[in-house]
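Pasted below: run.pdb, PDB, C-alpha atoms.
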ATOM      1  CA  GLY A 178     145.313  80.871 109.632
ATOM      2  CA  GLY A 179     145.634  79.721 106.041
ATOM      3  CA  GLU A 180     147.935  81.110 103.415
ATOM      4  CA  PRO A 181     146.600  83.898 101.201
ATOM      5  CA  SER A 182     144.974  82.797  97.988
ATOM      6  CA  PRO A 183     147.106  82.989  94.828
ATOM      7  CA  VAL A 184     147.348  86.489  93.461
ATOM      8  CA  ALA A 185     146.551  86.766  89.772
ATOM      9  CA  ARG A 186     147.606  90.347  89.212
ATOM     10  CA  ILE A 187     151.026  90.914  87.677
ATOM     11  CA  MET A 188     152.786  94.264  87.810
ATOM     12  CA  GLU A 189     154.532  94.703  84.459
ATOM     13  CA  VAL A 190     157.133  97.271  85.458
ATOM     14  CA  ALA A 191     160.910  97.357  85.148
ATOM     15  CA  ILE A 192     163.595  99.821  84.187
ATOM     16  CA  THR A 193     164.479  99.914  80.497
ATOM     17  CA  ASP A 194     168.205 100.548  80.355
ATOM     18  CA  GLY A 195     168.740  98.850  77.034
ATOM     19  CA  SER A 196     169.625  95.497  78.559
ATOM     20  CA  SER A 197     167.610  92.376  77.936
ATOM     21  CA  SER A 198     167.647  88.731  78.876
ATOM     22  CA  SER A 199     166.603  85.928  76.569
ATOM     23  CA  SER A 200     167.471  83.042  78.866
ATOM     24  CA  SER A 201     164.626  81.122  80.427
ATOM     25  CA  SER A 202     164.436  80.238  84.091
ATOM     26  CA  PRO A 203     162.037  78.623  86.565
ATOM     27  CA  SER A 204     160.466  82.067  87.039
ATOM     28  CA  ASP A 205     158.999  81.755  83.553
ATOM     29  CA  ILE A 206     156.265  79.503  84.953
ATOM     30  CA  PHE A 207     154.769  82.313  87.032
ATOM     31  CA  GLU A 208     151.248  82.736  85.717
ATOM     32  CA  ALA A 209     149.869  86.102  84.708
ATOM     33  CA  GLY A 210     146.273  87.081  85.158
ATOM     34  CA  THR A 211     144.361  90.343  85.218
ATOM     35  CA  PRO A 212     146.854  93.222  84.736
ATOM     36  CA  MET A 213     147.203  95.952  87.308
ATOM     37  CA  ASP A 214     144.829  98.843  86.663
ATOM     38  CA  ALA A 215     146.879 101.582  88.354
ATOM     39  CA  PRO A 216     148.502 103.565  85.506
ATOM     40  CA  GLU A 217     151.343 104.884  87.686
ATOM     41  CA  LEU A 218     152.672 101.334  88.014
ATOM     42  CA  PHE A 219     153.502 100.872  84.343
ATOM     43  CA  PRO A 220     156.859 101.701  82.690
ATOM     44  CA  GLY A 221     157.294 105.383  82.016
ATOM     45  CA  GLU A 222     160.584 107.195  82.124
ATOM     46  CA  GLY A 223     163.056 104.392  81.635
ATOM     47  CA  GLU A 224     166.084 103.833  83.799
ATOM     48  CA  ALA A 225     165.135 106.522  86.311
ATOM     49  CA  GLY A 226     162.215 104.324  87.342
ATOM     50  CA  ALA A 227     160.002 107.397  87.479
ATOM     51  CA  LYS A 228     156.803 105.359  87.193
ATOM     52  CA  SER A 229     157.799 102.647  89.648
ATOM     53  CA  PRO A 230     155.632 102.439  92.776
ATOM     54  CA  PRO A 231     156.799 103.969  96.087
ATOM     55  CA  VAL A 232     156.704 100.521  97.741
ATOM     56  CA  LEU A 233     155.822  96.954  96.783
ATOM     57  CA  GLY A 234     152.829  95.383  98.507
ATOM     58  CA  ASP A 235     151.786  91.766  98.952
ATOM     59  CA  ASP A 236     148.743  92.188  96.718
ATOM     60  CA  TYR A 237     150.559  91.892  93.398
ATOM     61  CA  CYS A 238     153.426  89.980  91.816
ATOM     62  CA  LEU A 239     156.288  91.415  89.819
ATOM     63  CA  ALA A 240     156.799  90.552  86.166
ATOM     64  CA  PRO A 241     158.575  87.170  86.061
ATOM     65  CA  GLY A 242     162.326  87.489  86.351
ATOM     66  CA  GLU A 243     162.450  91.269  86.013
ATOM     67  CA  PRO A 244     163.421  93.681  88.798
ATOM     68  CA  VAL A 245     161.677  96.965  89.433
ATOM     69  CA  VAL A 246     163.887  99.981  90.160
ATOM     70  CA  ARG A 247     163.056 103.413  91.573
ATOM     71  CA  ILE A 248     165.336 106.449  92.057
ATOM     72  CA  GLU A 249     164.462 109.291  94.406
ATOM     73  CA  ARG A 250     166.225 112.598  95.042
ATOM     74  CA  ALA A 251     167.653 113.205  98.514
ATOM     75  CA  PRO A 252     169.177 116.352 100.051
ATOM     76  CA  ASP A 253     172.838 117.356  99.858
ATOM     77  CA  ASN A 254     174.027 115.538  96.694
ATOM     78  CA  ALA A 255     172.541 112.223  97.830
ATOM     79  CA  VAL A 256     170.144 109.725  96.274
ATOM     80  CA  ARG A 257     167.888 106.885  97.389
ATOM     81  CA  ILE A 258     167.534 103.830  95.146
ATOM     82  CA  PHE A 259     164.935 101.081  95.608
ATOM     83  CA  THR A 260     164.976  97.703  93.838
ATOM     84  CA  GLY A 261     162.942  94.513  94.046
ATOM     85  CA  ILE A 262     162.567  91.135  92.357
ATOM     86  CA  ASP A 263     160.412  88.031  92.860
ATOM     87  CA  VAL A 264     162.196  84.679  93.129
ATOM     88  CA  LEU A 265     160.854  81.181  92.565
ATOM     89  CA  ALA A 266     162.604  79.743  95.623
ATOM     90  CA  PRO A 267     161.994  79.694  99.378
ATOM     91  CA  MET A 268     162.925  82.703 101.481
ATOM     92  CA  GLU A 269     165.652  80.590 103.138
ATOM     93  CA  ALA A 270     167.390  79.973  99.785
ATOM     94  CA  VAL A 271     167.713  83.700  99.128
ATOM     95  CA  TRP A 272     168.715  84.388 102.730
ATOM     96  CA  SER A 273     171.558  81.852 102.601
ATOM     97  CA  ILE A 274     173.093  83.727  99.648
ATOM     98  CA  LEU A 275     172.882  87.148 101.286
ATOM     99  CA  THR A 276     174.403  85.975 104.566
ATOM    100  CA  ASP A 277     177.368  84.233 102.948
ATOM    101  CA  TYR A 278     179.369  87.450 103.246
ATOM    102  CA  ASP A 279     182.681  85.897 102.146
ATOM    103  CA  GLY A 280     181.051  84.355  99.077
ATOM    104  CA  LEU A 281     178.936  87.239  97.784
ATOM    105  CA  GLN A 282     181.432  88.159  95.064
ATOM    106  CA  ARG A 283     180.934  84.725  93.509
ATOM    107  CA  VAL A 284     177.258  85.525  92.928
ATOM    108  CA  ILE A 285     177.041  89.308  92.493
ATOM    109  CA  PRO A 286     178.623  90.404  89.188
ATOM    110  CA  ASN A 287     179.559  93.966  90.218
ATOM    111  CA  LEU A 288     181.143  92.964  93.516
ATOM    112  CA  VAL A 289     184.895  92.510  93.151
ATOM    113  CA  GLU A 290     185.703  91.684  96.780
ATOM    114  CA  SER A 291     183.743  90.822  99.933
ATOM    115  CA  ASN A 292     185.630  89.897 103.097
ATOM    116  CA  VAL A 293     184.540  89.451 106.697
ATOM    117  CA  LEU A 294     186.671  91.576 109.029
ATOM    118  CA  GLU A 295     184.769  90.713 112.197
ATOM    119  CA  SER A 296     181.876  88.377 112.999
ATOM    120  CA  LYS A 297     179.275  89.686 115.431
ATOM    121  CA  PRO A 298     176.587  88.085 117.599
ATOM    122  CA  CYS A 299     173.239  87.258 115.999
ATOM    123  CA  GLY A 300     174.736  86.827 112.518
ATOM    124  CA  GLY A 301     175.972  90.390 111.979
ATOM    125  CA  ALA A 302     179.462  91.294 110.789
ATOM    126  CA  LYS A 303     181.881  94.002 109.792
ATOM    127  CA  ILE A 304     182.821  93.462 106.145
ATOM    128  CA  SER A 305     184.939  95.157 103.505
ATOM    129  CA  GLN A 306     183.677  95.317  99.939
ATOM    130  CA  VAL A 307     184.914  96.617  96.602
ATOM    131  CA  GLY A 308     182.404  97.204  93.822
ATOM    132  CA  SER A 309     183.000  98.302  90.249
ATOM    133  CA  ALA A 310     180.682  99.846  87.672
ATOM    134  CA  ALA A 311     181.277 101.191  84.157
ATOM    135  CA  VAL A 312     179.991 104.787  84.241
ATOM    136  CA  PHE A 313     181.022 105.605  80.663
ATOM    137  CA  PRO A 314     182.737 103.497  77.986
ATOM    138  CA  GLY A 315     186.254 102.913  79.266
ATOM    139  CA  VAL A 316     185.557 104.703  82.573
ATOM    140  CA  LYS A 317     184.857 102.696  85.733
ATOM    141  CA  PHE A 318     183.631 103.899  89.108
ATOM    142  CA  THR A 319     185.184 101.741  91.808
ATOM    143  CA  ALA A 320     183.704 101.984  95.293
ATOM    144  CA  LYS A 321     185.422 100.701  98.416
ATOM    145  CA  MET A 322     183.498 100.394 101.663
ATOM    146  CA  THR A 323     183.735  99.010 105.150
ATOM    147  CA  LEU A 324     180.247  98.085 106.303
ATOM    148  CA  ASP A 325     178.556  97.251 109.587
ATOM    149  CA  VAL A 326     175.977  94.534 108.913
ATOM    150  CA  GLY A 327     172.995  93.869 111.163
ATOM    151  CA  ILE A 328     170.515  90.983 111.086
ATOM    152  CA  HIS A 329     166.805  91.195 111.945
ATOM    153  CA  LEU A 330     164.885  87.925 111.893
ATOM    154  CA  GLU A 331     161.135  87.375 112.171
ATOM    155  CA  GLU A 332     161.196  87.509 115.970
ATOM    156  CA  ASN A 333     163.480  90.576 116.027
ATOM    157  CA  PRO A 334     162.137  93.056 113.445
ATOM    158  CA  LEU A 335     163.862  96.320 112.646
ATOM    159  CA  PRO A 336     162.304  98.944 114.977
ATOM    160  CA  GLU A 337     160.111 101.543 113.292
ATOM    161  CA  GLU A 338     162.248 104.347 114.721
ATOM    162  CA  LYS A 339     165.143 102.967 112.662
ATOM    163  CA  ILE A 340     163.229 103.474 109.401
ATOM    164  CA  HIS A 341     163.118 106.849 107.664
ATOM    165  CA  GLY A 342     160.092 108.003 105.689
ATOM    166  CA  SER A 343     157.915 104.901 105.985
ATOM    167  CA  VAL A 344     155.178 104.492 103.378
ATOM    168  CA  GLU A 345     152.338 102.332 104.668
ATOM    169  CA  ASP A 346     150.248 102.117 101.476
ATOM    170  CA  ALA A 347     151.584 100.846  98.143
ATOM    171  CA  HIS A 348     149.096 103.104  96.362
ATOM    172  CA  THR A 349     150.334 106.338  97.960
ATOM    173  CA  PRO A 350     150.833 108.861  95.118
ATOM    174  CA  SER A 351     154.382 108.589  93.808
ATOM    175  CA  SER A 352     154.838 112.364  93.549
ATOM    176  CA  GLU A 353     153.889 112.775  97.196
ATOM    177  CA  VAL A 354     156.559 110.298  98.281
ATOM    178  CA  ARG A 355     159.192 111.915  96.039
ATOM    179  CA  GLU A 356     158.450 115.344  97.490
ATOM    180  CA  MET A 357     158.825 113.959 101.009
ATOM    181  CA  GLY A 358     162.106 112.230 100.116
ATOM    182  CA  GLU A 359     163.663 115.390  98.694
ATOM    183  CA  LYS A 360     163.324 117.005 102.123
ATOM    184  CA  LEU A 361     164.166 113.939 104.221
ATOM    185  CA  PRO A 362     167.681 114.418 105.630
ATOM    186  CA  LEU A 363     170.246 111.650 105.825
ATOM    187  CA  GLU A 364     170.496 110.328 109.371
ATOM    188  CA  ARG A 365     173.072 107.753 110.402
ATOM    189  CA  GLY A 366     171.497 104.692 111.982
ATOM    190  CA  VAL A 367     168.065 105.437 110.486
ATOM    191  CA  PHE A 368     167.666 103.467 107.268
ATOM    192  CA  PRO A 369     165.717 104.203 104.084
ATOM    193  CA  ARG A 370     162.282 102.596 104.050
ATOM    194  CA  PRO A 371     162.323  98.948 102.926
ATOM    195  CA  TYR A 372     160.997  98.687  99.389
ATOM    196  CA  ALA A 373     158.545  95.962 100.425
ATOM    197  CA  ILE A 374     155.738  96.410 102.937
ATOM    198  CA  THR A 375     154.379  93.106 104.125
ATOM    199  CA  GLU A 376     152.422  91.329 106.831
ATOM    200  CA  LEU A 377     154.091  88.062 105.824
ATOM    201  CA  PRO A 378     157.184  86.533 107.492
ATOM    202  CA  HIS A 379     160.283  88.493 106.497
ATOM    203  CA  ARG A 380     163.894  89.180 107.459
ATOM    204  CA  ASP A 381     166.046  92.279 107.092
ATOM    205  CA  ILE A 382     169.773  92.899 106.690
ATOM    206  CA  THR A 383     170.991  96.434 107.396
ATOM    207  CA  MET A 384     174.255  97.821 106.056
ATOM    208  CA  GLN A 385     175.974 101.116 106.811
ATOM    209  CA  ASN A 386     179.435 102.448 106.110
ATOM    210  CA  VAL A 387     181.754 102.621 109.106
ATOM    211  CA  PRO A 388     182.642 106.245 109.999
ATOM    212  CA  GLY A 389     186.345 106.947 109.598
ATOM    213  CA  ALA A 390     187.049 103.745 107.666
ATOM    214  CA  PRO A 391     188.481 103.958 104.134
ATOM    215  CA  GLY A 392     185.768 104.265 101.522
ATOM    216  CA  ASP A 393     184.360 106.242  98.615
ATOM    217  CA  PHE A 394     181.051 107.315 100.167
ATOM    218  CA  ASP A 395     180.439 109.938 102.810
ATOM    219  CA  HIS A 396     177.177 108.176 103.575
ATOM    220  CA  TYR A 397     175.951 104.707 102.639
ATOM    221  CA  GLN A 398     173.038 102.936 104.321
ATOM    222  CA  GLY A 399     170.983 100.114 102.911
ATOM    223  CA  ILE A 400     168.454  97.482 103.885
ATOM    224  CA  TRP A 401     167.857  94.106 102.247
ATOM    225  CA  ARG A 402     164.452  92.546 102.876
ATOM    226  CA  VAL A 403     163.564  88.930 102.094
ATOM    227  CA  GLN A 404     159.984  87.764 102.552
ATOM    228  CA  GLN A 405     157.789  84.792 101.850
ATOM    229  CA  LEU A 406     155.468  85.342  98.906
ATOM    230  CA  PRO A 407     152.989  82.436  98.751
ATOM    231  CA  GLY A 408     150.493  84.424  96.688
ATOM    232  CA  CYS A 409     152.932  84.496  93.758
ATOM    233  CA  ALA A 410     153.995  80.834  93.884
ATOM    234  CA  PRO A 411     152.669  78.267  91.396
ATOM    235  CA  ASP A 412     151.084  75.159  92.900
ATOM    236  CA  GLY A 413     153.589  73.066  94.790
ATOM    237  CA  ARG A 414     156.348  75.671  94.610
ATOM    238  CA  ALA A 415     157.686  78.391  96.914
ATOM    239  CA  ALA A 416     158.297  82.041  96.117
ATOM    240  CA  ALA A 417     160.069  84.909  97.847
ATOM    241  CA  ARG A 418     160.507  88.631  97.284
ATOM    242  CA  LEU A 419     163.927  90.251  97.567
ATOM    243  CA  THR A 420     164.201  94.030  97.848
ATOM    244  CA  TYR A 421     167.022  96.457  98.516
ATOM    245  CA  ALA A 422     166.769 100.108  99.507
ATOM    246  CA  VAL A 423     169.903 102.240  99.740
ATOM    247  CA  GLU A 424     170.740 105.884 100.301
ATOM    248  CA  LEU A 425     174.193 107.099  99.346
ATOM    249  CA  LYS A 426     176.295 110.224  99.014
ATOM    250  CA  PRO A 427     179.660 110.093  97.227
ATOM    251  CA  LYS A 428     182.734 111.705  98.700
ATOM    252  CA  GLY A 429     184.229 114.895  97.320
ATOM    253  CA  MET A 430     182.787 116.896  94.447
ATOM    254  CA  LEU A 431     181.444 114.010  92.359
ATOM    255  CA  PRO A 432     177.799 114.824  91.462
ATOM    256  CA  VAL A 433     175.645 111.853  92.427
ATOM    257  CA  ARG A 434     173.600 112.269  89.233
ATOM    258  CA  LEU A 435     176.606 111.111  87.202
ATOM    259  CA  ILE A 436     176.567 107.681  88.826
ATOM    260  CA  GLU A 437     173.040 107.073  90.161
ATOM    261  CA  LYS A 438     171.559 105.525  87.011
ATOM    262  CA  ARG A 439     174.585 103.299  86.564
ATOM    263  CA  ILE A 440     174.320 102.139  90.175
ATOM    264  CA  ALA A 441     170.587 101.516  89.737
ATOM    265  CA  SER A 442     171.207  99.512  86.568
ATOM    266  CA  ASP A 443     173.900  97.448  88.291
ATOM    267  CA  LEU A 444     171.594  96.767  91.230
ATOM    268  CA  LYS A 445     169.126  95.357  88.721
ATOM    269  CA  VAL A 446     171.832  93.034  87.396
ATOM    270  CA  ASN A 447     172.779  92.013  90.941
ATOM    271  CA  LEU A 448     169.214  91.131  91.926
ATOM    272  CA  LYS A 449     168.791  89.041  88.796
ATOM    273  CA  ALA A 450     172.031  87.197  89.611
ATOM    274  CA  ILE A 451     170.821  86.425  93.144
ATOM    275  CA  ARG A 452     167.492  85.205  91.763
ATOM    276  CA  GLU A 453     169.220  82.948  89.241
ATOM    277  CA  GLU A 454     171.537  81.525  91.903
ATOM    278  CA  ALA A 455     168.698  80.815  94.341
ATOM    279  CA  GLU A 456     166.553  79.155  91.681
ATOM    280  CA  SER A 457     169.518  77.140  90.388
ATOM    281  CA  ARG A 458     170.315  75.872  93.883
ATOM    282  CA  MET A 459     166.735  74.740  94.352
ATOM    283  CA  GLU A 460     166.811  72.905  91.025
ATOM    284  CA  HIS A 461     170.044  71.046  91.774
ATOM    285  CA  HIS A 462     169.950  70.805  95.586
ATOM    286  CA  PRO A 463     166.345  71.061  96.809
ATOM    287  CA  GLY A 464     167.412  70.511 100.431
ATOM    288  CA  GLY A 465     170.264  73.006 100.304
ATOM    289  CA  ALA A 466     168.281  75.955 101.620
ATOM    290  CA  VAL A 467     167.270  74.077 104.758
ATOM    291  CA  SER A 468     170.877  73.006 105.392
ATOM    292  CA  SER A 469     172.098  76.589 104.920
ATOM    293  CA  LEU A 470     169.454  77.872 107.306
ATOM    294  CA  ALA A 471     170.575  75.381 109.940
ATOM    295  CA  ALA A 472     174.182  76.500 109.469
ATOM    296  CA  THR A 473     173.144  80.136 109.889
ATOM    297  CA  ALA A 474     171.273  79.259 113.074
ATOM    298  CA  ARG A 475     174.363  77.521 114.465
ATOM    299  CA  MET A 476     176.510  80.555 113.590
ATOM    300  CA  MET A 477     174.163  82.827 115.508
ATOM    301  CA  MET A 478     174.218  80.767 118.711
TER
END

Is it possible to give me this structure as structure tokens?
Amino acid sequence: GGEPSPVARIMEVAITDGSSSSSSSPSDIFEAGTPMDAPELFPGEGEAGAKSPPVLGDDYCLAPGEPVVRIERAPDNAVRIFTGIDVLAPMEAVWSILTDYDGLQRVIPNLVESNVLESKPCGGAKISQVGSAAVFPGVKFTAKMTLDVGIHLEENPLPEEKIHGSVEDAHTPSSEVREMGEKLPLERGVFPRPYAITELPHRDITMQNVPGAPGDFDHYQGIWRVQQLPGCAPDGRAAARLTYAVELKPKGMLPVRLIEKRIASDLKVNLKAIREEAESRMEHHPGGAVSSLAATARMMM
């Protein structure tokens, strides 16, 4: 079958946390057309992402260069955060960044350390990471984690039973999804729903904290999804969508509400950094993504 026709609708939605970016990038050549007509998709309550959609579908493109962020309540002092960004680069270019576990700290601003402790079959790994975020002026929240990382390629998708609270329709009422999420318990090994629903080729990376290992979260589970996005690519170019969904619960008595907006804001910064790196690599080394994909394939053999 042929590729879907270019999508002209642009979803103008992003968190407004007071940050801005004036630098131009290849994403600036995304073309806008008829705006989305669903009012719940437009900016509303700022950094909480209250008006962000429950999931991102293939039938619209995100505003060029800007991530969308959504925060949902979860039981027992936990939170679920969903982020997404569109990238003017092939899926393989984004994937090569995410799977360079030892090099992630060179791309992601809020990641201080990322080290592989153990490589696993099929591209997975056990890694240690240290992240840092300024919660208040002069006050930083530093999170240490040991994570089990799993890889799911096109031919080996993440099983549905490993996804919690799936939303099949991007136009499901936001309030309905929030109400469901508030009652949805945390369950180890069952990940928050990916923030993108797609029939297009995609790959997933799952991450969960290792029980008993040193760390600052009682519970941390996330899923990166990278997908092709031909409907949002200008003529002759490639585009991909990168999303991350995470559910987390801090250790001890720290209320999650004190840190959730800061974490969400930092995730926005991280996604923009990955986008900029992927687009920069394609500008300077157009064949680099293919080479990286071949290296990943060799590593998985």

Taking the file as I've supplied it (selection: the PyMOL selection byres ((chain A and resi 430) around 12)), which residues are included? Please answer as an mmCIF file with C-alpha atoms, in the frame of the given file.
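Produced file selection_31.cif, reproduced below:
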data_model
loop_
_atom_site.group_PDB
_atom_site.id
_atom_site.type_symbol
_atom_site.label_atom_id
_atom_site.label_comp_id
_atom_site.auth_asym_id
_atom_site.auth_seq_id
_atom_site.Cartn_x
_atom_site.Cartn_y
_atom_site.Cartn_z
ATOM 1 C CA ASP A 253 172.838 117.356 99.858
ATOM 2 C CA ASN A 254 174.027 115.538 96.694
ATOM 3 C CA ALA A 255 172.541 112.223 97.830
ATOM 4 C CA ASP A 393 184.360 106.242 98.615
ATOM 5 C CA PHE A 394 181.051 107.315 100.167
ATOM 6 C CA ASP A 395 180.439 109.938 102.810
ATOM 7 C CA LYS A 426 176.295 110.224 99.014
ATOM 8 C CA PRO A 427 179.660 110.093 97.227
ATOM 9 C CA LYS A 428 182.734 111.705 98.700
ATOM 10 C CA GLY A 429 184.229 114.895 97.320
ATOM 11 C CA LEU A 431 181.444 114.010 92.359
ATOM 12 C CA PRO A 432 177.799 114.824 91.462
ATOM 13 C CA VAL A 433 175.645 111.853 92.427
ATOM 14 C CA ARG A 434 173.600 112.269 89.233
ATOM 15 C CA LEU A 435 176.606 111.111 87.202
#

- prompt: Skipping near chain neighbours, those fewer than 4 positions away, what residues fall within 7 Å of range 377-392 of chain A using all atoms listed in the file, listed as a ChimeraX atom specification?
  reply: /A:320-331,396-405

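Distance check against Glu424 in chain A using all atoms listed in the file: of A:Glu364, A:Asp443, A:Glu269, A:Glu356, the minimum falls on A:Glu364.
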
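Atom pair CA of Gly358 in chain A / CA of Asp263 in chain A: separated by 25.3 Å.
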
field: Near-Val344 in chain A list (9 Å; all atoms listed in the file; drop same-chain fewer than 3 positions) as a PyMOL selection string
entry: chain A and resi 231-232+347+349+354+370+374

For CA of Pro369 in chain A and CA of Glu249 in chain A, the interatomic separation in Å (one decimal): 11.0 Å

message: Could you tell me, as a list of chain:residue names, exactly which residues end up selected when the PyMOL selection byres ((chain A and resi 445) around 8) is applied to this structure?
response: A:Pro244, A:Val245, A:Val246, A:Thr260, A:Ala441, A:Ser442, A:Asp443, A:Leu444, A:Val446, A:Asn447, A:Leu448, A:Lys449

- line: The distance between CA of Ile440 in chain A and CA of Glu359 in chain A is 19.0 Å

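This file gives the following result for the PyMOL selection byres ((chain A and resi 266) around 7): Val264, Leu265, Pro267, Met268, Ala270, Ala415, Ala416, Ala417, Ala455, Glu456 and Met459 of chain A.
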
Could those residues be written to a file, using C-alpha atoms, as a CSV table (one decimal), in the frame of the given file?
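Wrote out.csv, looks like this:
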chain,number,residue,atom,x,y,z
A,264,VAL,CA,162.2,84.7,93.1
A,265,LEU,CA,160.9,81.2,92.6
A,267,PRO,CA,162.0,79.7,99.4
A,268,MET,CA,162.9,82.7,101.5
A,270,ALA,CA,167.4,80.0,99.8
A,415,ALA,CA,157.7,78.4,96.9
A,416,ALA,CA,158.3,82.0,96.1
A,417,ALA,CA,160.1,84.9,97.8
A,455,ALA,CA,168.7,80.8,94.3
A,456,GLU,CA,166.6,79.2,91.7
A,459,MET,CA,166.7,74.7,94.4

Complete range 429-445 of chain A at the level of N, CA and C atoms, written as a PDB file, in the coordinates of the input.
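The resulting file, rebuild36.pdb, is reproduced below:
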ATOM      1  N   GLY A 429     183.658 113.881  98.188  1.00  0.00           N
ATOM      2  CA  GLY A 429     184.229 114.895  97.320  1.00  0.00           C
ATOM      3  C   GLY A 429     183.200 115.625  96.493  1.00  0.00           C
ATOM      4  N   MET A 430     183.607 116.034  95.300  1.00  0.00           N
ATOM      5  CA  MET A 430     182.787 116.896  94.447  1.00  0.00           C
ATOM      6  C   MET A 430     182.031 116.121  93.372  1.00  0.00           C
ATOM      7  N   LEU A 431     182.109 114.801  93.396  1.00  0.00           N
ATOM      8  CA  LEU A 431     181.444 114.010  92.359  1.00  0.00           C
ATOM      9  C   LEU A 431     179.930 114.166  92.453  1.00  0.00           C
ATOM     10  N   PRO A 432     179.270 114.711  91.429  1.00  0.00           N
ATOM     11  CA  PRO A 432     177.799 114.824  91.462  1.00  0.00           C
ATOM     12  C   PRO A 432     177.165 113.434  91.426  1.00  0.00           C
ATOM     13  N   VAL A 433     176.251 113.178  92.343  1.00  0.00           N
ATOM     14  CA  VAL A 433     175.645 111.853  92.427  1.00  0.00           C
ATOM     15  C   VAL A 433     174.871 111.520  91.164  1.00  0.00           C
ATOM     16  N   ARG A 434     174.390 112.539  90.437  1.00  0.00           N
ATOM     17  CA  ARG A 434     173.600 112.269  89.233  1.00  0.00           C
ATOM     18  C   ARG A 434     174.432 111.609  88.142  1.00  0.00           C
ATOM     19  N   LEU A 435     175.762 111.745  88.205  1.00  0.00           N
ATOM     20  CA  LEU A 435     176.606 111.111  87.202  1.00  0.00           C
ATOM     21  C   LEU A 435     176.669 109.597  87.372  1.00  0.00           C
ATOM     22  N   ILE A 436     176.397 109.116  88.558  1.00  0.00           N
ATOM     23  CA  ILE A 436     176.567 107.681  88.826  1.00  0.00           C
ATOM     24  C   ILE A 436     175.280 106.976  89.242  1.00  0.00           C
ATOM     25  N   GLU A 437     174.212 107.720  89.564  1.00  0.00           N
ATOM     26  CA  GLU A 437     173.040 107.073  90.161  1.00  0.00           C
ATOM     27  C   GLU A 437     172.357 106.092  89.224  1.00  0.00           C
ATOM     28  N   LYS A 438     172.242 106.428  87.933  1.00  0.00           N
ATOM     29  CA  LYS A 438     171.559 105.525  87.011  1.00  0.00           C
ATOM     30  C   LYS A 438     172.395 104.279  86.751  1.00  0.00           C
ATOM     31  N   ARG A 439     173.716 104.453  86.731  1.00  0.00           N
ATOM     32  CA  ARG A 439     174.585 103.299  86.564  1.00  0.00           C
ATOM     33  C   ARG A 439     174.477 102.377  87.766  1.00  0.00           C
ATOM     34  N   ILE A 440     174.462 102.947  88.966  1.00  0.00           N
ATOM     35  CA  ILE A 440     174.320 102.139  90.175  1.00  0.00           C
ATOM     36  C   ILE A 440     172.980 101.415  90.168  1.00  0.00           C
ATOM     37  N   ALA A 441     171.913 102.130  89.789  1.00  0.00           N
ATOM     38  CA  ALA A 441     170.587 101.516  89.737  1.00  0.00           C
ATOM     39  C   ALA A 441     170.555 100.363  88.742  1.00  0.00           C
ATOM     40  N   SER A 442     171.175 100.564  87.577  1.00  0.00           N
ATOM     41  CA  SER A 442     171.207  99.512  86.568  1.00  0.00           C
ATOM     42  C   SER A 442     171.990  98.304  87.064  1.00  0.00           C
ATOM     43  N   ASP A 443     173.105  98.555  87.767  1.00  0.00           N
ATOM     44  CA  ASP A 443     173.900  97.448  88.291  1.00  0.00           C
ATOM     45  C   ASP A 443     173.173  96.706  89.406  1.00  0.00           C
ATOM     46  N   LEU A 444     172.392  97.434  90.202  1.00  0.00           N
ATOM     47  CA  LEU A 444     171.594  96.767  91.230  1.00  0.00           C
ATOM     48  C   LEU A 444     170.585  95.820  90.588  1.00  0.00           C
ATOM     49  N   LYS A 445     170.038  96.235  89.456  1.00  0.00           N
ATOM     50  CA  LYS A 445     169.126  95.357  88.721  1.00  0.00           C
ATOM     51  C   LYS A 445     169.836  94.068  88.307  1.00  0.00           C
TER      52      LYS A 445
END
